[in-house]
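Participant: Input structure: upload.cif, which contains mmCIF, C-alpha atoms.
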data_run
#
loop_
_atom_site.group_PDB
_atom_site.id
_atom_site.type_symbol
_atom_site.label_atom_id
_atom_site.label_comp_id
_atom_site.auth_asym_id
_atom_site.auth_seq_id
_atom_site.Cartn_x
_atom_site.Cartn_y
_atom_site.Cartn_z
ATOM 1 C CA MET A 1 -33.149 79.421 41.271
ATOM 2 C CA ARG A 2 -36.053 79.734 43.693
ATOM 3 C CA ASP A 3 -39.490 78.495 42.661
ATOM 4 C CA THR A 4 -41.273 81.803 42.088
ATOM 5 C CA ARG A 5 -43.984 83.016 39.755
ATOM 6 C CA GLU A 6 -41.367 84.661 37.524
ATOM 7 C CA SER A 7 -39.266 81.477 37.250
ATOM 8 C CA ARG A 8 -42.268 79.416 36.253
ATOM 9 C CA LEU A 9 -43.200 81.969 33.561
ATOM 10 C CA LEU A 10 -39.587 81.860 32.262
ATOM 11 C CA LEU A 11 -39.661 78.061 32.066
ATOM 12 C CA VAL A 12 -42.951 78.108 30.116
ATOM 13 C CA LEU A 13 -41.504 80.718 27.736
ATOM 14 C CA LEU A 14 -38.356 78.648 27.064
ATOM 15 C CA ILE A 15 -40.408 75.556 26.371
ATOM 16 C CA ALA A 16 -42.598 77.505 23.928
ATOM 17 C CA ILE A 17 -39.522 78.859 22.131
ATOM 18 C CA ALA A 18 -38.065 75.342 21.909
ATOM 19 C CA PHE A 19 -41.240 73.967 20.332
ATOM 20 C CA ALA A 20 -41.291 76.897 17.886
ATOM 21 C CA LEU A 21 -37.710 76.222 16.822
ATOM 22 C CA ILE A 22 -38.398 72.500 16.386
ATOM 23 C CA THR A 23 -41.446 73.279 14.232
ATOM 24 C CA VAL A 24 -39.501 75.707 12.044
ATOM 25 C CA ASP A 25 -36.621 73.179 11.693
ATOM 26 C CA ILE A 26 -38.907 70.359 10.627
ATOM 27 C CA ARG A 27 -40.855 72.470 8.111
ATOM 28 C CA LYS A 28 -37.751 73.977 6.453
ATOM 29 C CA GLY A 29 -35.931 70.628 6.125
ATOM 30 C CA GLU A 30 -32.439 71.105 4.664
ATOM 31 C CA GLN A 31 -33.059 74.889 4.378
ATOM 32 C CA SER A 32 -33.638 75.162 8.117
ATOM 33 C CA PRO A 33 -32.017 78.224 9.793
ATOM 34 C CA MET A 34 -30.946 75.812 12.545
ATOM 35 C CA ASP A 35 -28.680 73.857 10.175
ATOM 36 C CA SER A 36 -25.739 76.218 10.600
ATOM 37 C CA ALA A 37 -26.112 76.055 14.348
ATOM 38 C CA ARG A 38 -26.048 72.282 14.210
ATOM 39 C CA GLN A 39 -22.849 72.353 12.138
ATOM 40 C CA VAL A 40 -21.177 74.635 14.668
ATOM 41 C CA ALA A 41 -22.226 72.370 17.514
ATOM 42 C CA ALA A 42 -20.981 69.315 15.621
ATOM 43 C CA SER A 43 -17.606 70.972 15.012
ATOM 44 C CA ALA A 44 -17.326 71.882 18.658
ATOM 45 C CA PHE A 45 -18.519 68.681 20.266
ATOM 46 C CA GLY A 46 -17.548 66.114 17.571
ATOM 47 C CA PRO A 47 -13.940 65.518 18.779
ATOM 48 C CA VAL A 48 -15.162 65.158 22.325
ATOM 49 C CA GLU A 49 -17.797 62.629 21.245
ATOM 50 C CA ASN A 50 -15.214 60.626 19.250
ATOM 51 C CA GLY A 51 -12.876 60.548 22.221
ATOM 52 C CA VAL A 52 -15.583 59.383 24.541
ATOM 53 C CA SER A 53 -16.705 56.796 21.992
ATOM 54 C CA ALA A 54 -13.143 55.505 21.590
ATOM 55 C CA ALA A 55 -12.847 55.124 25.333
ATOM 56 C CA VAL A 56 -16.232 53.530 25.832
ATOM 57 C CA ASP A 57 -16.507 51.260 22.740
ATOM 58 C CA PRO A 58 -13.778 48.752 23.772
ATOM 59 C CA VAL A 59 -15.594 48.264 27.030
ATOM 60 C CA GLY A 60 -18.843 47.771 25.187
ATOM 61 C CA ASN A 61 -17.192 45.424 22.707
ATOM 62 C CA SER A 62 -15.703 43.411 25.532
ATOM 63 C CA ILE A 63 -19.067 43.143 27.191
ATOM 64 C CA ALA A 64 -20.622 42.070 23.891
ATOM 65 C CA ALA A 65 -17.815 39.563 23.342
ATOM 66 C CA VAL A 66 -18.375 38.068 26.767
ATOM 67 C CA ARG A 67 -22.111 37.986 26.141
ATOM 68 C CA ASP A 68 -21.693 36.321 22.712
ATOM 69 C CA SER A 69 -18.808 34.012 23.611
ATOM 70 C CA GLY A 70 -21.162 31.269 24.678
ATOM 71 C CA VAL A 71 -22.985 31.468 21.353
ATOM 72 C CA ARG A 72 -19.711 31.351 19.384
ATOM 73 C CA HIS A 73 -18.403 28.480 21.498
ATOM 74 C CA ASN A 74 -21.563 26.494 20.883
ATOM 75 C CA ARG A 75 -21.288 27.209 17.143
ATOM 76 C CA ILE A 76 -17.653 26.067 17.056
ATOM 77 C CA SER A 77 -18.581 22.933 18.973
ATOM 78 C CA ARG A 78 -21.361 22.210 16.497
ATOM 79 C CA LEU A 79 -19.007 22.734 13.556
ATOM 80 C CA GLU A 80 -16.381 20.442 15.090
ATOM 81 C CA ALA A 81 -19.008 17.780 15.728
ATOM 82 C CA GLU A 82 -20.277 18.136 12.165
ATOM 83 C CA ASN A 83 -16.749 17.795 10.747
ATOM 84 C CA ALA A 84 -16.147 14.704 12.873
ATOM 85 C CA ARG A 85 -19.413 13.193 11.653
ATOM 86 C CA LEU A 86 -18.549 13.926 8.030
ATOM 87 C CA ARG A 87 -15.083 12.400 8.442
ATOM 88 C CA GLN A 88 -16.655 9.324 9.995
ATOM 89 C CA GLU A 89 -19.157 9.031 7.165
ATOM 90 C CA LEU A 90 -16.391 9.454 4.601
ATOM 91 C CA GLY A 91 -14.336 6.759 6.279
ATOM 92 C CA SER A 92 -17.414 4.592 6.450
ATOM 93 C CA ASP A 93 -18.041 5.139 2.731
ATOM 94 C CA ASP A 94 -14.448 4.173 1.978
ATOM 95 C CA ARG A 95 -14.883 1.075 4.105
ATOM 96 C CA HIS A 96 -18.100 0.157 2.331
ATOM 97 C CA ARG A 97 -16.430 0.588 -1.044
ATOM 98 C CA ALA A 98 -13.492 -1.607 -0.002
ATOM 99 C CA ARG A 99 -15.801 -4.348 1.301
ATOM 100 C CA SER A 100 -17.905 -4.106 -1.840
ATOM 101 C CA LYS A 101 -14.784 -4.738 -3.928
ATOM 102 C CA GLU A 102 -13.851 -7.718 -1.738
ATOM 103 C CA LEU A 103 -17.320 -9.186 -2.129
ATOM 104 C CA ASP A 104 -17.191 -8.635 -5.881
ATOM 105 C CA ARG A 105 -13.872 -10.496 -6.151
ATOM 106 C CA LEU A 106 -15.247 -13.315 -3.988
ATOM 107 C CA LEU A 107 -18.306 -13.728 -6.192
ATOM 108 C CA LYS A 108 -16.158 -13.747 -9.331
ATOM 109 C CA THR A 109 -13.932 -16.467 -7.846
ATOM 110 C CA ALA A 110 -16.973 -18.522 -6.825
ATOM 111 C CA GLY A 111 -18.486 -18.125 -10.289
ATOM 112 C CA ALA A 112 -15.273 -19.190 -12.039
ATOM 113 C CA GLY A 113 -14.974 -22.320 -9.887
ATOM 114 C CA GLY A 114 -18.653 -23.183 -9.627
ATOM 115 C CA TYR A 115 -18.593 -23.014 -5.823
ATOM 116 C CA GLY A 116 -21.719 -22.510 -3.728
ATOM 117 C CA LEU A 117 -20.771 -20.121 -0.923
ATOM 118 C CA LYS A 118 -21.974 -18.883 2.421
ATOM 119 C CA GLY A 119 -20.542 -15.410 2.953
ATOM 120 C CA ALA A 120 -19.096 -14.490 6.339
ATOM 121 C CA GLN A 121 -17.002 -11.828 8.024
ATOM 122 C CA VAL A 122 -13.891 -12.317 10.125
ATOM 123 C CA ILE A 123 -14.751 -11.144 13.646
ATOM 124 C CA GLY A 124 -11.820 -12.477 15.677
ATOM 125 C CA ILE A 125 -8.210 -13.608 15.475
ATOM 126 C CA GLY A 126 -7.023 -16.729 17.275
ATOM 127 C CA ALA A 127 -9.162 -19.417 18.868
ATOM 128 C CA ALA A 128 -9.295 -21.415 22.059
ATOM 129 C CA GLN A 129 -7.914 -24.449 20.261
ATOM 130 C CA GLY A 130 -4.357 -23.189 20.545
ATOM 131 C CA PHE A 131 -3.642 -22.894 16.842
ATOM 132 C CA SER A 132 -1.277 -20.056 16.032
ATOM 133 C CA TRP A 133 -3.006 -19.012 12.809
ATOM 134 C CA THR A 134 -6.795 -19.076 13.128
ATOM 135 C CA VAL A 135 -9.704 -16.667 12.724
ATOM 136 C CA THR A 136 -13.310 -16.667 13.883
ATOM 137 C CA ILE A 137 -16.109 -15.937 11.416
ATOM 138 C CA ASP A 138 -19.708 -14.872 12.080
ATOM 139 C CA ALA A 139 -21.437 -17.942 10.579
ATOM 140 C CA GLY A 140 -22.164 -21.363 12.068
ATOM 141 C CA THR A 141 -24.412 -24.406 12.019
ATOM 142 C CA LYS A 142 -27.553 -22.297 11.612
ATOM 143 C CA ASP A 143 -26.038 -21.060 8.337
ATOM 144 C CA GLY A 144 -25.341 -24.576 7.076
ATOM 145 C CA LEU A 145 -21.664 -24.738 8.077
ATOM 146 C CA ALA A 146 -19.920 -27.926 9.219
ATOM 147 C CA ARG A 147 -16.417 -29.128 9.995
ATOM 148 C CA ASP A 148 -13.919 -29.579 7.167
ATOM 149 C CA MET A 149 -15.368 -27.080 4.731
ATOM 150 C CA THR A 150 -13.129 -25.057 2.432
ATOM 151 C CA VAL A 151 -12.856 -21.329 3.127
ATOM 152 C CA ILE A 152 -11.864 -18.908 0.354
ATOM 153 C CA ASN A 153 -11.891 -15.220 -0.494
ATOM 154 C CA GLY A 154 -11.563 -13.314 -3.735
ATOM 155 C CA ASP A 155 -7.841 -14.107 -3.957
ATOM 156 C CA GLY A 156 -7.842 -17.829 -3.201
ATOM 157 C CA LEU A 157 -7.517 -20.384 -0.418
ATOM 158 C CA VAL A 158 -8.001 -19.024 3.112
ATOM 159 C CA GLY A 159 -8.179 -22.297 5.074
ATOM 160 C CA ARG A 160 -10.645 -24.876 6.379
ATOM 161 C CA VAL A 161 -13.328 -24.927 9.067
ATOM 162 C CA THR A 162 -12.215 -26.775 12.202
ATOM 163 C CA THR A 163 -14.832 -25.976 14.861
ATOM 164 C CA VAL A 164 -18.443 -24.870 14.390
ATOM 165 C CA GLY A 165 -20.858 -23.258 16.823
ATOM 166 C CA SER A 166 -24.416 -22.165 16.243
ATOM 167 C CA SER A 167 -23.460 -18.688 15.001
ATOM 168 C CA THR A 168 -19.639 -18.713 14.731
ATOM 169 C CA ALA A 169 -16.916 -20.973 13.384
ATOM 170 C CA THR A 170 -13.144 -21.322 13.657
ATOM 171 C CA VAL A 171 -11.014 -21.384 10.512
ATOM 172 C CA LEU A 172 -7.491 -22.821 10.430
ATOM 173 C CA LEU A 173 -5.551 -20.618 8.014
ATOM 174 C CA ALA A 174 -3.532 -22.077 5.166
ATOM 175 C CA ASN A 175 -0.285 -20.561 6.456
ATOM 176 C CA ASP A 176 -0.467 -22.400 9.786
ATOM 177 C CA PRO A 177 2.360 -24.957 10.263
ATOM 178 C CA ASP A 178 -0.247 -27.653 11.009
ATOM 179 C CA PHE A 179 -2.084 -26.960 7.754
ATOM 180 C CA SER A 180 -1.716 -29.320 4.784
ATOM 181 C CA VAL A 181 -3.495 -29.425 1.427
ATOM 182 C CA GLY A 182 -3.050 -31.382 -1.788
ATOM 183 C CA THR A 183 -1.994 -29.218 -4.735
ATOM 184 C CA ARG A 184 -1.766 -29.272 -8.503
ATOM 185 C CA MET A 185 0.657 -27.227 -10.614
ATOM 186 C CA GLU A 186 -0.789 -25.003 -13.303
ATOM 187 C CA LYS A 187 -0.544 -26.512 -16.817
ATOM 188 C CA SER A 188 1.838 -29.341 -15.895
ATOM 189 C CA SER A 189 -0.636 -30.810 -13.341
ATOM 190 C CA GLU A 190 2.243 -31.983 -11.138
ATOM 191 C CA LEU A 191 0.885 -33.024 -7.746
ATOM 192 C CA GLY A 192 2.182 -32.130 -4.314
ATOM 193 C CA PHE A 193 1.359 -31.169 -0.745
ATOM 194 C CA ALA A 194 1.426 -27.623 0.593
ATOM 195 C CA THR A 195 2.090 -26.814 4.245
ATOM 196 C CA GLY A 196 2.051 -23.487 6.051
ATOM 197 C CA ARG A 197 5.151 -21.736 7.326
ATOM 198 C CA GLY A 198 3.511 -18.799 9.088
ATOM 199 C CA GLY A 199 3.306 -15.264 7.766
ATOM 200 C CA ASP A 200 3.058 -15.076 3.991
ATOM 201 C CA ALA A 201 4.900 -18.272 3.098
ATOM 202 C CA MET A 202 4.124 -21.893 2.291
ATOM 203 C CA THR A 203 6.151 -24.891 1.185
ATOM 204 C CA VAL A 204 5.017 -27.334 -1.497
ATOM 205 C CA GLN A 205 6.551 -30.804 -1.709
ATOM 206 C CA LEU A 206 6.158 -32.024 -5.282
ATOM 207 C CA LEU A 207 5.789 -35.782 -5.689
ATOM 208 C CA ASN A 208 7.944 -35.808 -8.811
ATOM 209 C CA GLY A 209 11.529 -34.893 -7.920
ATOM 210 C CA LYS A 210 12.316 -34.211 -11.583
ATOM 211 C CA SER A 211 9.272 -32.092 -12.281
ATOM 212 C CA ASP A 212 9.818 -29.052 -14.455
ATOM 213 C CA VAL A 213 8.893 -26.152 -12.198
ATOM 214 C CA LYS A 214 10.164 -22.594 -12.166
ATOM 215 C CA LYS A 215 9.670 -19.319 -10.370
ATOM 216 C CA GLY A 216 6.327 -17.713 -11.178
ATOM 217 C CA ASP A 217 4.434 -20.979 -11.706
ATOM 218 C CA ARG A 218 1.077 -21.083 -9.970
ATOM 219 C CA ILE A 219 -0.609 -23.717 -7.815
ATOM 220 C CA VAL A 220 -4.230 -24.663 -7.098
ATOM 221 C CA THR A 221 -5.848 -27.163 -4.733
ATOM 222 C CA PHE A 222 -6.063 -30.756 -5.961
ATOM 223 C CA GLY A 223 -9.214 -31.476 -3.975
ATOM 224 C CA SER A 224 -10.132 -34.077 -1.366
ATOM 225 C CA ARG A 225 -12.295 -37.154 -1.386
ATOM 226 C CA ASN A 226 -15.950 -36.099 -1.239
ATOM 227 C CA ASN A 227 -14.651 -32.497 -1.444
ATOM 228 C CA LYS A 228 -13.831 -32.406 2.275
ATOM 229 C CA PRO A 229 -11.902 -30.632 3.588
ATOM 230 C CA PHE A 230 -10.915 -29.127 0.225
ATOM 231 C CA VAL A 231 -12.656 -28.569 -3.079
ATOM 232 C CA PRO A 232 -10.515 -28.598 -6.254
ATOM 233 C CA GLY A 233 -9.263 -25.641 -8.279
ATOM 234 C CA VAL A 234 -8.911 -23.021 -5.541
ATOM 235 C CA PRO A 235 -5.863 -20.779 -6.178
ATOM 236 C CA VAL A 236 -3.141 -21.345 -3.565
ATOM 237 C CA GLY A 237 -0.096 -19.276 -4.518
ATOM 238 C CA THR A 238 2.880 -18.565 -6.751
ATOM 239 C CA VAL A 239 6.252 -20.315 -6.730
ATOM 240 C CA THR A 240 8.968 -17.970 -5.457
ATOM 241 C CA LYS A 241 11.907 -20.376 -5.108
ATOM 242 C CA VAL A 242 12.781 -23.858 -6.386
ATOM 243 C CA ASP A 243 15.055 -26.255 -4.515
ATOM 244 C CA ARG A 244 17.620 -27.313 -7.120
ATOM 245 C CA THR A 245 18.845 -30.314 -5.128
ATOM 246 C CA GLY A 246 18.918 -33.316 -7.469
ATOM 247 C CA GLY A 247 18.569 -37.018 -6.848
ATOM 248 C CA ASP A 248 15.647 -36.782 -4.415
ATOM 249 C CA LEU A 249 12.348 -38.492 -4.933
ATOM 250 C CA THR A 250 10.520 -35.201 -4.311
ATOM 251 C CA ARG A 251 11.204 -31.527 -5.000
ATOM 252 C CA SER A 252 10.531 -28.708 -2.578
ATOM 253 C CA VAL A 253 9.411 -25.250 -3.699
ATOM 254 C CA SER A 254 8.620 -22.085 -1.749
ATOM 255 C CA VAL A 255 5.240 -20.499 -2.440
ATOM 256 C CA ARG A 256 3.820 -17.058 -1.740
ATOM 257 C CA PRO A 257 0.070 -17.421 -1.052
ATOM 258 C CA PHE A 258 -2.392 -15.332 -3.031
ATOM 259 C CA VAL A 259 -4.267 -14.500 0.177
ATOM 260 C CA GLY A 260 -3.036 -11.829 2.571
ATOM 261 C CA PHE A 261 -3.728 -13.553 5.908
ATOM 262 C CA SER A 262 -3.084 -10.436 7.995
ATOM 263 C CA LYS A 263 -5.914 -8.449 6.384
ATOM 264 C CA LEU A 264 -8.791 -10.896 6.069
ATOM 265 C CA ASP A 265 -12.313 -9.502 6.209
ATOM 266 C CA ILE A 266 -14.928 -10.948 3.834
ATOM 267 C CA VAL A 267 -14.638 -14.703 3.230
ATOM 268 C CA GLY A 268 -16.792 -17.440 1.765
ATOM 269 C CA VAL A 269 -17.337 -20.974 3.063
ATOM 270 C CA VAL A 270 -17.895 -23.500 0.269
ATOM 271 C CA VAL A 271 -21.164 -25.199 1.201
ATOM 272 C CA GLN A 272 -21.686 -26.678 -2.272
ATOM 273 C CA PRO A 273 -18.742 -28.156 -4.245
ATOM 274 C CA PRO A 274 -18.384 -27.653 -8.012
ATOM 275 C CA ARG A 275 -19.987 -30.174 -10.352
ATOM 276 C CA LYS A 276 -16.660 -30.684 -12.145
ATOM 277 C CA ASP A 277 -13.024 -29.992 -11.325
ATOM 278 C CA PRO A 278 -12.317 -26.428 -12.519
ATOM 279 C CA ARG A 279 -8.580 -27.194 -12.562
ATOM 280 C CA ASP A 280 -6.865 -23.914 -13.634
ATOM 281 C CA GLU A 281 -9.991 -21.994 -14.598
ATOM 282 C CA VAL A 282 -10.167 -19.993 -11.358
ATOM 283 C CA LEU A 283 -6.653 -18.595 -11.756
ATOM 284 C CA LYS A 284 -6.635 -15.040 -12.979
ATOM 285 C CA SER A 285 -5.213 -14.624 -16.447
ATOM 286 C CA LYS A 286 -1.667 -13.348 -16.500
ATOM 287 C CA LYS A 287 -1.058 -9.974 -18.084
ATOM 288 C CA PRO A 288 0.335 -10.405 -21.598
ATOM 289 C CA PRO A 289 3.925 -9.212 -22.015
ATOM 290 C CA LYS A 290 4.349 -5.760 -23.468
ATOM 291 C CA PRO A 291 5.305 -5.960 -27.145
ATOM 292 C CA ALA A 292 8.845 -4.886 -27.910
ATOM 293 C CA PRO A 293 9.002 -1.650 -29.879
ATOM 294 C CA THR A 294 9.892 -2.112 -33.533
ATOM 295 C CA VAL A 295 11.536 0.370 -35.845
ATOM 296 C CA THR A 296 10.849 0.236 -39.581
ATOM 297 C CA VAL A 297 13.500 1.707 -41.868
ATOM 298 C CA THR A 298 12.558 2.472 -45.450
ATOM 299 C CA LYS A 299 15.472 2.602 -47.870
ATOM 300 C CA THR A 300 15.082 4.927 -50.834
ATOM 301 C CA PRO A 301 17.106 3.886 -53.929
ATOM 302 C CA SER A 302 19.598 6.430 -55.205
ATOM 303 C CA PRO A 303 18.850 8.175 -58.552
ATOM 304 C CA SER A 304 21.991 6.746 -60.142
ATOM 305 C CA ALA A 305 20.948 3.174 -59.404
ATOM 306 C CA SER A 306 17.526 3.629 -60.978
ATOM 307 C CA ALA A 307 18.670 5.579 -64.070
ATOM 308 C CA PRO A 308 18.625 3.536 -67.347
ATOM 309 C CA ARG A 309 21.898 2.834 -69.111
ATOM 310 C CA SER A 310 22.527 4.520 -72.455
#
Before we go any further, please render this structure as structure tokens.
Facilitator:
Amino acid sequence: MRDTRESRLLLVLLIAIAFALITVDIRKGEQSPMDSARQVAASAFGPVENGVSAAVDPVGNSIAAVRDSGVRHNRISRLEAENARLRQELGSDDRHRARSKELDRLLKTAGAGGYGLKGAQVIGIGAAQGFSWTVTIDAGTKDGLARDMTVINGDGLVGRVTTVGSSTATVLLANDPDFSVGTRMEKSSELGFATGRGGDAMTVQLLNGKSDVKKGDRIVTFGSRNNKPFVPGVPVGTVTKVDRTGGDLTRSVSVRPFVGFSKLDIVGVVVQPPRKDPRDEVLKSKKPPKPAPTVTVTKTPSPSASAPRS
């Protein structure tokens, strides 16, 4: 259409009509005469709009997904980091609880025996001395430690201090083949010497070859002169096997130590010996045997037996 005076007048007229229709539609609201026209247009163009939307939306969604993928990735990374932190804290809490129980058992053992302790933690396995069964602890001369001090934990005898530095010390474990300690049998007080056999085994040579000893009997340390290297009354282990060979001057028994040497953590070095020999007092009380079930039968006399004679 050429730009003429008539075309400009027509354009102004159409614009005026459009404004008039918009005004009428707004004022009439739902009763607008344009409502039916809108419904017809919606019926005609609705399917086309849906088709176009179906074709275009996946593209838009893909673009949005690409745009938001960085945000989601960062969120997933944060969640994974948070889960890892929570797992670490949970494991740490479990570890703290386990160490708290170890410390509690150690303090109970020290209280039962009257031992003055310096607590320490095992920080290394093996030492430069060449011993096969040794550990390093994080306490030394600045903590009051010296050679030939007894080392225990909540279960019993761990070993003795052999080398001391300013902040660390080496402990020879009781299961080392070069380890030897004087022992006393529970109740019978039979004396002997225990030596390590590696792993979770020790051998005790009883001085009395005819001593009455049986499987399950328990052994404690006899103690050394001036309480070095061993204080008395520390639990050593339980008899697992008795050598029945007769005629010898001594008797050999196999002993399972109370201490698990492969899982040492919290230990205590006895820096102050007990005032008196605790003997068997540090040993944990044995569980009483379960009572055997009893059955009580009540016998009711027959009527004929209780009836008076005529």
Participant: In Å, with one decimal, what is the gap from atom CA of A:Gly119 to atom CA of A:Val239?
Facilitator: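 Interatomic distance here is 28.9 Å.
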Participant: What does the PyMOL selection byres ((chain A and resi 100-105) around 9) select in this file, as a PyMOL selection string?
Facilitator: chain A and resi 95-99+106-110+119+153-155+265-267
Participant: Using only C-alpha atoms, which residues sit within 7 Å of A:Val220 once same-chain residues fewer than 3 positions away are excluded, as a list of chain:residue names?
Facilitator: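 So the residues in contact are A:Thr183, A:Arg184, A:Met185, A:Gly233, A:Val234, A:Pro235, A:Val236.
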Participant: Name the residues that the PyMOL selection byres ((chain A and resi 181) around 7) pulls out of this structure, and write them as an NGL selection string.
Facilitator: :A and (179-180 or 182-183 or 193-195 or 221)
Participant: Those residues with C-alpha atoms, as a PDB file, in the frame of the given file please?
Facilitator:
ATOM      1  CA  PHE A 179      -2.084 -26.960   7.754  1.00  0.00           C
ATOM      2  CA  SER A 180      -1.716 -29.320   4.784  1.00  0.00           C
ATOM      3  CA  GLY A 182      -3.050 -31.382  -1.788  1.00  0.00           C
ATOM      4  CA  THR A 183      -1.994 -29.218  -4.735  1.00  0.00           C
ATOM      5  CA  PHE A 193       1.359 -31.169  -0.745  1.00  0.00           C
ATOM      6  CA  ALA A 194       1.426 -27.623   0.593  1.00  0.00           C
ATOM      7  CA  THR A 195       2.090 -26.814   4.245  1.00  0.00           C
ATOM      8  CA  THR A 221      -5.848 -27.163  -4.733  1.00  0.00           C
TER       9      THR A 221
END
Participant: Could you check how far atom CA of A:Gln272 sits from atom CA of A:Thr162, in Å to one decimal?
Facilitator: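 Separating atom CA of A:Gln272 from atom CA of A:Thr162 is a distance of 17.3 Å.
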Participant: So how far away is atom CA of A:Arg251 from atom CA of A:Val213, in Å?
Facilitator: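 Between these atoms lies a distance of 9.3 Å.
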Participant: Just say which residues the PyMOL selection byres ((chain A and resi 259) around 7) picks in this file, as a PyMOL selection string.
Facilitator: chain A and resi 155-158+257-258+260-261
Participant: Using only C-alpha atoms, list the residues that have an atom at most 10 Å from (4.6, -30.9, -9.3), coordinates as in the file, as a list in words.
Facilitator: Thr183, Arg184, Met185, Glu186, Ser188, Ser189, Glu190, Leu191, Gly192, Phe193, Val204, Gln205, Leu206, Leu207, Asn208, Gly209, Lys210, Ser211, Asp212, Val213, Ile219, Thr250, Arg251, Ser252 and Val253 of chain A
Participant: Go through A:Leu13, A:Leu79, A:Val255, A:Leu172 one by one, measure the shortest atom-to-atom distance of each to A:Met202 using all atoms listed in the file, and give the residue with the smallest value.
Facilitator: A:Val255
Participant: List every protein, DNA or RNA residue that has an atom no more than 7 Å from (-13.8, -25.0, 10.6) in the file's coordinate frame, counting only C-alpha atoms, and report them as a ChimeraX atom specification.
Facilitator: /A:146-149,160-164,169-172
